[in-house]
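Just model-v9.cif here, mmCIF, C-alpha atoms:
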data_run
loop_
_atom_site.label_atom_id
_atom_site.label_comp_id
_atom_site.auth_asym_id
_atom_site.auth_seq_id
_atom_site.Cartn_x
_atom_site.Cartn_y
_atom_site.Cartn_z
CA MET K 647 33.54 -0.97 52.66
CA ARG K 648 34.28 -4.29 50.96
CA THR K 649 30.57 -4.79 50.24
CA ASN K 650 30.38 -1.35 48.64
CA MET K 651 33.33 -2.16 46.39
CA VAL K 652 31.67 -5.39 45.24
CA LEU K 653 28.39 -3.59 44.58
CA ARG K 654 30.22 -0.88 42.66
CA SER K 655 32.01 -3.40 40.47
CA VAL K 656 28.90 -5.46 39.80
CA GLY K 657 26.81 -2.38 39.04
CA VAL K 658 29.36 -0.94 36.63
CA VAL K 659 29.90 -4.24 34.82
CA VAL K 660 26.20 -5.09 34.50
CA GLY K 661 25.34 -1.52 33.50
CA LEU K 662 27.99 -1.44 30.78
CA VAL K 663 26.87 -4.85 29.51
CA LEU K 664 23.27 -3.63 29.27
CA ILE K 665 24.34 -0.48 27.43
CA ALA K 666 26.32 -2.65 25.01
CA CYS K 667 23.28 -4.92 24.56
CA ALA K 668 21.18 -1.87 23.70
CA PHE K 669 23.58 -0.95 20.90
CA VAL K 670 23.66 -4.58 19.68
CA LEU K 671 19.85 -4.72 19.60
CA ALA K 672 19.57 -1.46 17.70
CA TYR K 673 22.47 -1.75 15.27
CA VAL K 674 23.11 -5.49 14.85
CA ILE K 675 20.06 -7.59 15.70
CA THR K 676 17.43 -5.29 14.19
CA PRO K 677 19.02 -4.59 10.77
CA ASN K 678 20.34 -8.13 10.30
CA TYR K 679 17.67 -10.35 11.86
CA VAL K 680 14.47 -8.30 12.20
CA VAL K 681 14.39 -6.00 9.17
CA ARG K 682 14.16 -8.81 6.63
CA LEU K 683 11.56 -11.11 5.10
CA PRO K 684 10.19 -13.27 7.97
CA ASP K 685 10.70 -17.01 7.58
CA ASP K 686 7.03 -17.63 8.46
CA THR K 687 5.64 -15.40 5.69
CA ASP K 688 2.38 -16.85 4.33
CA ALA K 689 0.39 -13.98 2.82
CA LYS K 690 -2.93 -14.77 1.14
CA ARG K 691 -4.55 -12.04 -0.94
CA SER K 692 -7.83 -11.93 -2.89
CA TYR K 693 -8.64 -9.77 -5.92
CA ALA K 694 -11.91 -9.08 -7.70
CA GLY K 695 -12.80 -7.51 -11.02
CA ALA K 696 -14.08 -8.45 -14.45
CA PHE K 697 -13.08 -9.76 -17.84
CA ARG K 698 -14.27 -6.90 -20.00
CA THR K 699 -13.72 -9.34 -22.86
CA LEU K 700 -12.80 -13.02 -22.69
CA LEU K 701 -12.19 -15.38 -25.60
CA ASP K 702 -13.72 -18.84 -25.15
CA ALA K 703 -11.06 -21.24 -26.46
CA ARG K 704 -13.60 -24.04 -26.98
CA GLU K 705 -15.74 -21.94 -29.28
CA VAL K 706 -12.67 -20.77 -31.20
CA ALA K 707 -11.65 -24.38 -31.74
CA LYS K 708 -15.10 -25.06 -33.21
CA GLY K 709 -14.78 -22.07 -35.53
CA ASN K 710 -17.75 -20.41 -33.85
CA LEU K 711 -16.33 -16.89 -33.63
CA ALA K 712 -19.71 -15.29 -33.01
CA ALA K 713 -20.04 -17.08 -29.65
CA ALA K 714 -16.34 -17.04 -28.78
CA VAL K 715 -16.11 -13.56 -27.27
CA LYS K 716 -17.66 -13.20 -23.78
CA ARG K 717 -18.14 -9.81 -22.16
CA ASP K 718 -18.28 -8.54 -18.56
CA VAL K 719 -17.46 -11.89 -16.97
CA PRO K 720 -16.83 -11.70 -13.20
CA LEU K 721 -13.19 -12.36 -12.30
CA ALA K 722 -11.55 -13.49 -9.06
CA VAL K 723 -7.87 -14.07 -8.32
CA GLU K 724 -6.43 -15.82 -5.28
CA ARG K 725 -2.72 -15.30 -4.62
CA THR K 726 -0.45 -16.78 -1.94
CA VAL K 727 3.13 -15.66 -1.31
CA LYS K 728 4.85 -18.08 1.05
CA VAL K 729 8.39 -18.58 2.31
CA GLU K 730 9.08 -22.28 1.77
CA GLU K 731 12.65 -22.42 3.11
CA THR K 732 15.44 -20.11 4.23
CA SER K 733 19.21 -20.31 4.04
CA GLY K 734 20.85 -17.42 5.88
CA ASP K 735 19.84 -14.20 4.13
CA THR K 736 18.21 -16.08 1.23
CA ALA K 737 14.61 -17.30 1.12
CA LEU K 738 12.84 -19.70 -1.22
CA VAL K 739 9.52 -17.98 -1.92
CA SER K 740 6.56 -19.42 -3.84
CA ASP K 741 4.08 -17.18 -5.67
CA SER K 742 0.95 -19.14 -6.56
CA ARG K 743 -2.10 -17.65 -8.29
CA THR K 744 -5.47 -19.03 -9.34
CA THR K 745 -7.74 -17.06 -11.70
CA ASN K 746 -11.46 -17.79 -12.02
CA ALA K 747 -13.99 -16.53 -14.55
CA ALA K 748 -17.57 -16.66 -13.25
CA GLY K 749 -16.43 -19.29 -10.75
CA ASN K 750 -14.62 -21.47 -13.31
CA PRO K 751 -10.83 -21.77 -13.12
CA VAL K 752 -9.12 -20.41 -16.24
CA GLU K 753 -5.49 -20.20 -15.12
CA LYS K 754 -3.25 -21.52 -12.36
CA THR K 755 0.43 -20.67 -11.92
CA ASP K 756 3.11 -21.31 -9.31
CA TRP K 757 6.49 -19.61 -9.57
CA LYS K 758 9.35 -20.05 -7.11
CA TYR K 759 12.11 -17.52 -6.52
CA ALA K 760 15.30 -17.32 -4.47
CA VAL K 761 15.37 -13.81 -3.00
CA ASN K 762 17.57 -11.84 -0.65
CA ARG K 763 15.55 -11.42 2.54
CA LYS K 764 16.53 -7.75 2.90
CA THR K 765 16.46 -6.38 -0.65
CA LEU K 766 13.91 -8.86 -2.06
CA GLU K 767 16.10 -8.99 -5.18
CA PRO K 768 16.91 -12.39 -6.75
CA SER K 769 19.77 -14.19 -5.01
CA GLY K 770 22.23 -16.50 -6.71
CA SER K 771 23.47 -17.69 -3.32
CA HIS K 772 21.02 -20.47 -2.57
CA PRO K 773 21.14 -24.26 -2.04
CA ALA K 774 21.65 -26.26 -5.22
CA GLY K 775 18.46 -28.22 -4.57
CA TRP K 776 16.24 -25.18 -5.02
CA THR K 777 14.53 -24.98 -8.41
CA VAL K 778 13.77 -21.32 -9.03
CA VAL K 779 12.94 -18.89 -11.82
CA ASP K 780 15.97 -17.06 -13.18
CA ALA K 781 14.37 -13.69 -12.49
CA GLN K 782 15.57 -10.10 -12.41
CA GLY K 783 14.30 -7.27 -10.19
CA LEU K 784 11.54 -7.46 -7.59
CA THR K 785 9.31 -10.52 -7.81
CA VAL K 786 7.00 -10.95 -4.80
CA SER K 787 7.17 -7.65 -2.87
CA TRP K 788 9.16 -4.51 -2.18
CA PRO K 789 12.23 -4.37 0.10
CA LEU K 790 11.87 -3.46 3.76
CA GLY K 791 12.62 0.23 3.87
CA ALA K 792 11.33 0.98 0.37
CA LYS K 793 12.57 4.23 -1.18
CA LYS K 794 10.97 6.92 -3.30
CA LYS K 795 12.67 5.74 -6.47
CA THR K 796 12.17 3.58 -9.53
CA TYR K 797 12.70 -0.16 -9.02
CA THR K 798 12.91 -2.92 -11.60
CA GLY K 799 10.00 -5.38 -11.52
CA TRP K 800 9.84 -8.90 -12.93
CA ARG K 801 7.02 -10.07 -15.22
CA PRO K 802 6.87 -13.87 -15.03
CA GLU K 803 4.36 -14.19 -17.87
CA THR K 804 6.76 -12.62 -20.37
CA GLY K 805 10.10 -13.38 -18.69
CA SER K 806 10.97 -9.69 -18.88
CA THR K 807 11.28 -6.64 -16.64
CA THR K 808 9.44 -3.34 -16.35
CA PRO K 809 10.14 -0.17 -14.35
CA LEU K 810 8.24 0.27 -11.07
CA THR K 811 8.08 4.05 -10.87
CA TYR K 812 7.40 5.91 -7.62
CA THR K 813 4.70 8.51 -8.27
CA ARG K 814 3.36 9.81 -4.94
CA THR K 815 2.66 9.21 -1.26
CA GLU K 816 -0.93 8.37 -0.38
CA SER K 817 -2.93 7.26 2.65
CA LYS K 818 -4.34 3.76 2.29
CA SER K 819 -6.17 1.96 5.09
CA ASP K 820 -4.88 4.59 7.57
CA LEU K 821 -1.28 3.96 6.53
CA ASP K 822 1.12 6.23 4.66
CA THR K 823 2.00 4.33 1.51
CA TYR K 824 4.28 4.87 -1.47
CA VAL K 825 2.49 4.48 -4.79
CA TYR K 826 4.33 2.86 -7.71
CA GLU K 827 3.12 2.43 -11.27
CA ALA K 828 4.22 -0.05 -13.94
CA ASN K 829 3.37 -0.04 -17.65
CA LEU K 830 4.21 -3.01 -19.86
CA PRO K 831 3.86 -2.52 -23.63
CA PRO K 832 2.65 -5.53 -25.69
CA THR K 833 5.25 -8.23 -25.00
CA ARG K 834 5.35 -11.89 -26.05
CA ILE K 835 4.10 -14.33 -23.41
CA THR K 836 6.75 -17.01 -22.90
CA ASP K 837 5.88 -18.70 -19.59
CA SER K 838 4.88 -22.33 -20.11
CA GLN K 839 2.31 -22.30 -17.28
CA VAL K 840 0.44 -19.35 -18.79
CA LEU K 841 0.64 -20.73 -22.32
CA ALA K 842 -0.74 -24.07 -21.10
CA GLY K 843 -4.08 -22.36 -20.45
CA LEU K 844 -4.26 -20.77 -23.92
CA PRO K 845 -5.13 -22.47 -27.23
CA PRO K 846 -1.83 -23.56 -28.80
CA ALA K 847 -3.23 -23.57 -32.35
CA VAL K 848 -6.39 -23.07 -34.40
CA PRO K 849 -7.57 -24.53 -37.75
CA ARG K 850 -6.51 -22.50 -40.75
CA THR K 851 -10.16 -22.21 -41.76
CA THR K 852 -10.84 -20.33 -38.50
CA LEU K 853 -8.15 -17.81 -39.31
CA ALA K 854 -9.65 -17.44 -42.77
CA LEU K 855 -12.91 -16.42 -41.07
CA VAL K 856 -10.97 -13.93 -38.97
CA ALA K 857 -9.51 -12.45 -42.13
CA GLN K 858 -13.01 -12.05 -43.57
CA LEU K 859 -15.19 -11.21 -40.58
CA GLY K 860 -12.89 -10.08 -37.79
CA THR K 861 -12.33 -6.57 -36.48
CA LEU K 862 -8.87 -6.28 -38.03
CA SER K 863 -7.98 -3.25 -40.07
CA ALA K 864 -8.15 -3.58 -43.83
CA ALA K 865 -4.34 -3.67 -44.01
CA ALA K 866 -4.13 -6.39 -41.33
CA LYS K 867 -6.83 -8.48 -43.09
CA GLU K 868 -4.90 -8.23 -46.34
CA GLN K 869 -1.68 -9.20 -44.59
CA LEU K 870 -3.34 -12.21 -42.93
CA ALA K 871 -4.93 -13.35 -46.19
CA GLY K 872 -1.53 -13.32 -47.85
CA LEU K 873 0.07 -15.07 -44.89
CA LEU K 874 -2.46 -17.92 -44.58
CA PRO K 875 -1.15 -20.10 -47.47
CA THR K 876 2.33 -20.10 -45.86
CA LEU K 877 1.09 -21.32 -42.48
CA SER K 878 0.74 -24.92 -41.31
CA ASP K 879 -2.65 -26.38 -40.41
CA PRO K 880 -3.53 -26.06 -37.58
CA VAL K 881 -1.85 -22.68 -37.23
CA PRO K 882 0.34 -22.19 -34.10
CA LEU K 883 -0.68 -19.17 -32.05
CA ALA K 884 1.47 -16.69 -30.16
CA TYR K 885 0.32 -14.26 -27.48
CA THR K 886 1.25 -10.86 -26.09
CA LEU K 887 0.57 -9.21 -22.73
CA ALA K 888 0.16 -5.49 -22.08
CA SER K 889 -0.63 -4.05 -18.66
CA ALA K 890 -0.95 -0.93 -16.53
CA ASP K 891 -0.56 -1.62 -12.81
CA THR K 892 -0.58 0.43 -9.60
CA PHE K 893 0.77 -0.71 -6.23
CA TRP K 894 0.41 0.85 -2.76
CA ILE K 895 3.42 -0.07 -0.56
CA GLU K 896 3.93 0.41 3.17
CA PRO K 897 7.59 1.52 3.01
CA GLU K 898 8.95 0.32 6.36
CA THR K 899 7.87 -3.30 5.85
CA GLY K 900 7.70 -3.37 2.04
CA ILE K 901 4.23 -4.95 2.25
CA VAL K 902 1.87 -4.45 -0.69
CA ILE K 903 -1.24 -2.89 0.86
CA ASP K 904 -3.28 -2.67 -2.34
CA THR K 905 -2.94 -3.54 -6.04
CA ARG K 906 -4.85 -2.45 -9.14
CA ARG K 907 -4.25 -4.06 -12.54
CA SER K 908 -5.49 -3.58 -16.09
CA GLN K 909 -4.20 -6.21 -18.54
CA GLN K 910 -4.78 -7.22 -22.14
CA ARG K 911 -3.77 -10.44 -23.87
CA VAL K 912 -3.85 -10.71 -27.64
CA ALA K 913 -3.53 -13.81 -29.84
CA GLY K 914 -1.66 -13.67 -33.12
CA VAL K 915 0.52 -15.55 -35.56
CA ILE K 916 4.19 -15.40 -36.35
CA ALA K 917 5.15 -14.71 -39.95
CA PRO K 918 7.53 -17.48 -41.11
CA SER K 919 9.45 -15.08 -43.32
CA ASN K 920 10.60 -12.54 -40.73
CA GLY K 921 9.28 -13.71 -37.34
CA ALA K 922 7.03 -10.66 -37.00
CA PHE K 923 3.98 -10.94 -34.73
CA LEU K 924 0.62 -10.24 -36.40
CA PRO K 925 -2.09 -9.56 -33.76
CA LEU K 926 -5.44 -11.15 -34.57
CA LEU K 927 -7.84 -11.56 -31.65
CA PRO K 928 -8.10 -10.14 -28.10
CA VAL K 929 -7.92 -13.10 -25.74
CA SER K 930 -8.77 -11.14 -22.59
CA ASP K 931 -9.13 -7.62 -21.34
CA VAL K 932 -9.26 -7.60 -17.54
CA PHE K 933 -9.42 -5.19 -14.66
CA TYR K 934 -9.11 -6.21 -11.00
CA GLN K 935 -8.16 -4.84 -7.60
CA GLN K 936 -7.41 -6.18 -4.15
CA THR K 937 -10.58 -6.80 -2.14
CA PRO K 938 -11.28 -4.59 0.90
CA GLU K 939 -10.77 -7.59 3.20
CA SER K 940 -7.35 -8.26 1.68
CA VAL K 941 -6.40 -4.59 2.00
CA LYS K 942 -7.22 -4.78 5.71
CA ASP K 943 -5.24 -8.03 6.10
CA ALA K 944 -2.24 -6.42 4.41
CA ALA K 945 -2.53 -3.33 6.63
CA ASP K 946 -2.67 -5.56 9.74
CA ASP K 947 0.46 -7.42 8.57
CA ALA K 948 2.21 -4.08 8.06
CA ASP K 949 1.21 -2.95 11.56
CA ASP K 950 2.55 -6.21 13.04
CA GLY K 951 5.81 -5.81 11.15
CA HIS K 952 6.13 -2.19 12.24
CA ASP K 953 5.52 -3.17 15.89
CA ALA K 954 8.18 -5.90 15.73
CA ILE K 955 10.75 -3.52 14.28
CA MET K 956 9.83 -0.80 16.80
CA LEU K 957 10.03 -3.22 19.74
CA VAL K 958 13.43 -4.70 18.94
CA GLY K 959 14.95 -1.68 17.21
CA THR K 960 13.77 1.16 19.46
CA ILE K 961 11.81 0.28 22.59
CA LEU K 962 14.00 -2.53 23.95
CA PRO K 963 17.29 -0.69 23.25
CA ILE K 964 15.98 2.39 25.07
CA VAL K 965 14.75 0.39 28.06
CA VAL K 966 17.89 -1.74 28.29
CA GLY K 967 20.16 1.27 27.75
CA VAL K 968 18.38 3.35 30.44
CA VAL K 969 18.54 0.48 32.96
CA GLY K 970 22.25 0.08 32.20
CA ALA K 971 22.89 3.81 32.64
CA LEU K 972 21.00 3.82 35.96
CA LEU K 973 23.08 0.92 37.23
CA VAL K 974 26.32 2.70 36.33
CA ALA K 975 25.06 5.90 37.97
CA ALA K 976 24.07 3.98 41.11
CA ALA K 977 27.51 2.40 41.25
CA VAL K 978 29.14 5.83 41.07
CA LEU K 979 26.93 7.10 43.92
CA ILE K 980 27.84 4.12 46.07
CA ARG K 981 31.51 4.91 45.47
CA ARG K 982 31.13 8.52 46.57
CA ARG K 983 29.06 7.77 49.66
CA ARG K 984 31.08 7.60 52.96
CA PRO K 985 30.30 4.92 55.48
CA ARG K 986 28.05 6.19 58.30
CA GLY K 987 30.06 7.44 61.33
CA THR K 988 33.19 8.28 59.38
CA PRO K 989 34.61 11.61 60.74
CA THR K 990 35.05 14.52 58.39
CA PRO K 991 38.73 14.89 57.50
CA ASP K 992 40.56 17.87 59.18
CA PRO K 993 41.78 20.19 56.43
CA ASP K 994 44.78 21.28 58.63
CA ALA K 995 45.79 17.71 59.16
#
For the structure just supplied, provide its representation as structure tokens.
Amino acid sequence: MRTNMVLRSVGVVVGLVLIACAFVLAYVITPNYVVRLPDDTDAKRSYAGAFRTLLDAREVAKGNLAAAVKRDVPLAVERTVKVEETSGDTALVSDSRTTNAAGNPVEKTDWKYAVNRKTLEPSGSHPAGWTVVDAQGLTVSWPLGAKKKTYTGWRPETGSTTPLTYTRTESKSDLDTYVYEANLPPTRITDSQVLAGLPPAVPRTTLALVAQLGTLSAAAKEQLAGLLPTLSDPVPLAYTLASADTFWIEPETGIVIDTRRSQQRVAGVIAPSNGAFLPLLPVSDVFYQQTPESVKDAADDADDGHDAIMLVGTILPIVVGVVGALLVAAAVLIRRRRPRGTPTPDPDA
């Protein structure tokens, strides 16, 4: 009898502890420690496309406009998004990109952000030693558990934001993905890393040739001709970026499965009188998309993330909870079972 009592007590206690652990796994561990940006994130993605037009800065500097514009130049982009450090729910994430034209590097950037590991939004709660971009909106990916709604996206080249609008659900690499689109109207490029790869100025004589021989409208040529005498020599250049982008997102993990971009950069001058931007020359007109190999890598990462969430958030809680319930049930059965040889009580007695 004493042994049965001990077994009952142990079974009930262990069973209840396991049931409690199941709830902790499902409702505490999973949402707070599993459904967030992993601290070992190191995602490498490749993109391929073409410069439909590309302005050769060296030829522009020589005043050789006829040879300055290249067409249909093969383009390749390598991008790495890596978690450098974490501090609680905040991660220091680097976003590095290298762009090549026909195998020659034309641009290299590296931006760092402090993001909330759950929402992927910028976080102001980070160690003072982190040097990060003062960004707004989503920077490196979508949040885990992405919704069918419009998000705000950050454009590091222009230091501005653009809406990321949900448009549809679509199968991509055997995954159900949410498709978002972003359209950026011509906006001044302000990032120092991007500007470092663009000609900062051109001789005034080159702009005079643009006014005479370029593809500007008659009104723009007249405006430039009148503006030239007021400009310094060499003439400082400014640039704008316009783009139309599409992203395929696996919603549970927030992983970008595929990306397609169409972007245009235009060089121009700033009128000293009113600060207005006068567009002069297309610097680049590009189209590129994630390579099939990178789409597969992204899909594999999404599958791994889904499996981790399913294991800790669903499978383990069910298994642990069922084992706990069986232990409690077994303890109850032990309590009800009479020791062998015990006589049946006499109702009259």
Quiz item: Just so the selection is clear, what residues does the PyMOL selection byres ((chain K and resi 716-720) around 9) cover here, as a ChimeraX atom specification?
Solution: /K:694-702,713-715,721-722,746-749
Running the PyMOL selection byres ((chain K and resi 882-895) around 7) on this model by hand, what would come out? Give it as a PDB file with C-alpha atoms, in the frame of the given file.
ATOM      1  CA  THR K 823       2.000   4.330   1.510  1.00  0.00           C
ATOM      2  CA  TYR K 824       4.280   4.870  -1.470  1.00  0.00           C
ATOM      3  CA  VAL K 825       2.490   4.480  -4.790  1.00  0.00           C
ATOM      4  CA  TYR K 826       4.330   2.860  -7.710  1.00  0.00           C
ATOM      5  CA  GLU K 827       3.120   2.430 -11.270  1.00  0.00           C
ATOM      6  CA  ALA K 828       4.220  -0.050 -13.940  1.00  0.00           C
ATOM      7  CA  ASN K 829       3.370  -0.040 -17.650  1.00  0.00           C
ATOM      8  CA  LEU K 830       4.210  -3.010 -19.860  1.00  0.00           C
ATOM      9  CA  PRO K 831       3.860  -2.520 -23.630  1.00  0.00           C
ATOM     10  CA  PRO K 832       2.650  -5.530 -25.690  1.00  0.00           C
ATOM     11  CA  THR K 833       5.250  -8.230 -25.000  1.00  0.00           C
ATOM     12  CA  ARG K 834       5.350 -11.890 -26.050  1.00  0.00           C
ATOM     13  CA  ILE K 835       4.100 -14.330 -23.410  1.00  0.00           C
ATOM     14  CA  PRO K 846      -1.830 -23.560 -28.800  1.00  0.00           C
ATOM     15  CA  ALA K 847      -3.230 -23.570 -32.350  1.00  0.00           C
ATOM     16  CA  VAL K 848      -6.390 -23.070 -34.400  1.00  0.00           C
ATOM     17  CA  PRO K 880      -3.530 -26.060 -37.580  1.00  0.00           C
ATOM     18  CA  VAL K 881      -1.850 -22.680 -37.230  1.00  0.00           C
ATOM     19  CA  GLU K 896       3.930   0.410   3.170  1.00  0.00           C
ATOM     20  CA  PRO K 897       7.590   1.520   3.010  1.00  0.00           C
ATOM     21  CA  GLY K 900       7.700  -3.370   2.040  1.00  0.00           C
ATOM     22  CA  ILE K 901       4.230  -4.950   2.250  1.00  0.00           C
ATOM     23  CA  VAL K 902       1.870  -4.450  -0.690  1.00  0.00           C
ATOM     24  CA  ILE K 903      -1.240  -2.890   0.860  1.00  0.00           C
ATOM     25  CA  ASP K 904      -3.280  -2.670  -2.340  1.00  0.00           C
ATOM     26  CA  THR K 905      -2.940  -3.540  -6.040  1.00  0.00           C
ATOM     27  CA  ARG K 906      -4.850  -2.450  -9.140  1.00  0.00           C
ATOM     28  CA  ARG K 907      -4.250  -4.060 -12.540  1.00  0.00           C
ATOM     29  CA  SER K 908      -5.490  -3.580 -16.090  1.00  0.00           C
ATOM     30  CA  GLN K 909      -4.200  -6.210 -18.540  1.00  0.00           C
ATOM     31  CA  GLN K 910      -4.780  -7.220 -22.140  1.00  0.00           C
ATOM     32  CA  ARG K 911      -3.770 -10.440 -23.870  1.00  0.00           C
ATOM     33  CA  VAL K 912      -3.850 -10.710 -27.640  1.00  0.00           C
ATOM     34  CA  ALA K 913      -3.530 -13.810 -29.840  1.00  0.00           C
ATOM     35  CA  GLY K 914      -1.660 -13.670 -33.120  1.00  0.00           C
ATOM     36  CA  VAL K 915       0.520 -15.550 -35.560  1.00  0.00           C
ATOM     37  CA  ILE K 916       4.190 -15.400 -36.350  1.00  0.00           C
TER      38      ILE K 916
END
Quiz item: What does the distance between CA of Trp757 in chain K and CA of Ser742 in chain K come to in Å, to one decimal place?
Solution: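 Straight-line distance from CA of Trp757 in chain K to CA of Ser742 in chain K works out to 6.3 Å.
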Quiz item: For the atom pair CA of Glu753 in chain K and CA of Pro925 in chain K, what is the interatomic distance in Å to one decimal place?
Solution: 21.7 Å
Quiz prompt | Residue among K:Lys690, K:Lys942, K:His952, K:Arg654 lying closest to Glu898 in chain K, counting all atoms listed in the file | solution =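 Counting all atoms listed in the file, the residue closest to Glu898 in chain K is K:His952.
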Counting all atoms listed in the file, which residues of range 715-787 of chain K fall within 12 Å of range 809-813 of chain K, and what is the closest atom pair for each with its distance in Å at one decimal, ordered by chain and rising number, as JSON lines?
{"residue": "K:Gln782", "atom": "CA", "partner": "K:Pro809", "partner_atom": "CA", "distance": 11.5}
{"residue": "K:Gly783", "atom": "CA", "partner": "K:Pro809", "partner_atom": "CA", "distance": 9.2}
{"residue": "K:Leu784", "atom": "CA", "partner": "K:Leu810", "partner_atom": "CA", "distance": 9.1}
{"residue": "K:Thr785", "atom": "CA", "partner": "K:Leu810", "partner_atom": "CA", "distance": 11.3}
{"residue": "K:Ser787", "atom": "CA", "partner": "K:Leu810", "partner_atom": "CA", "distance": 11.5}
Practice problem: Could you list the residues chosen by the PyMOL selection byres ((chain K and resi 727) around 9) in this structure as a VMD selection string? | Solution: chain K and resid 687 to 691 725 to 726 728 to 729 739 to 743 786
Self-check item: Between CA of Thr736 in chain K and CA of Pro773 in chain K - distance in Å to one decimal
Solution: 9.3 Å
Quiz item: So which one's closest to Gly775 in chain K, K:Leu683, K:Ala948, K:Ala760, K:Val752? Using only C-alpha atoms, please.
Solution: K:Ala760
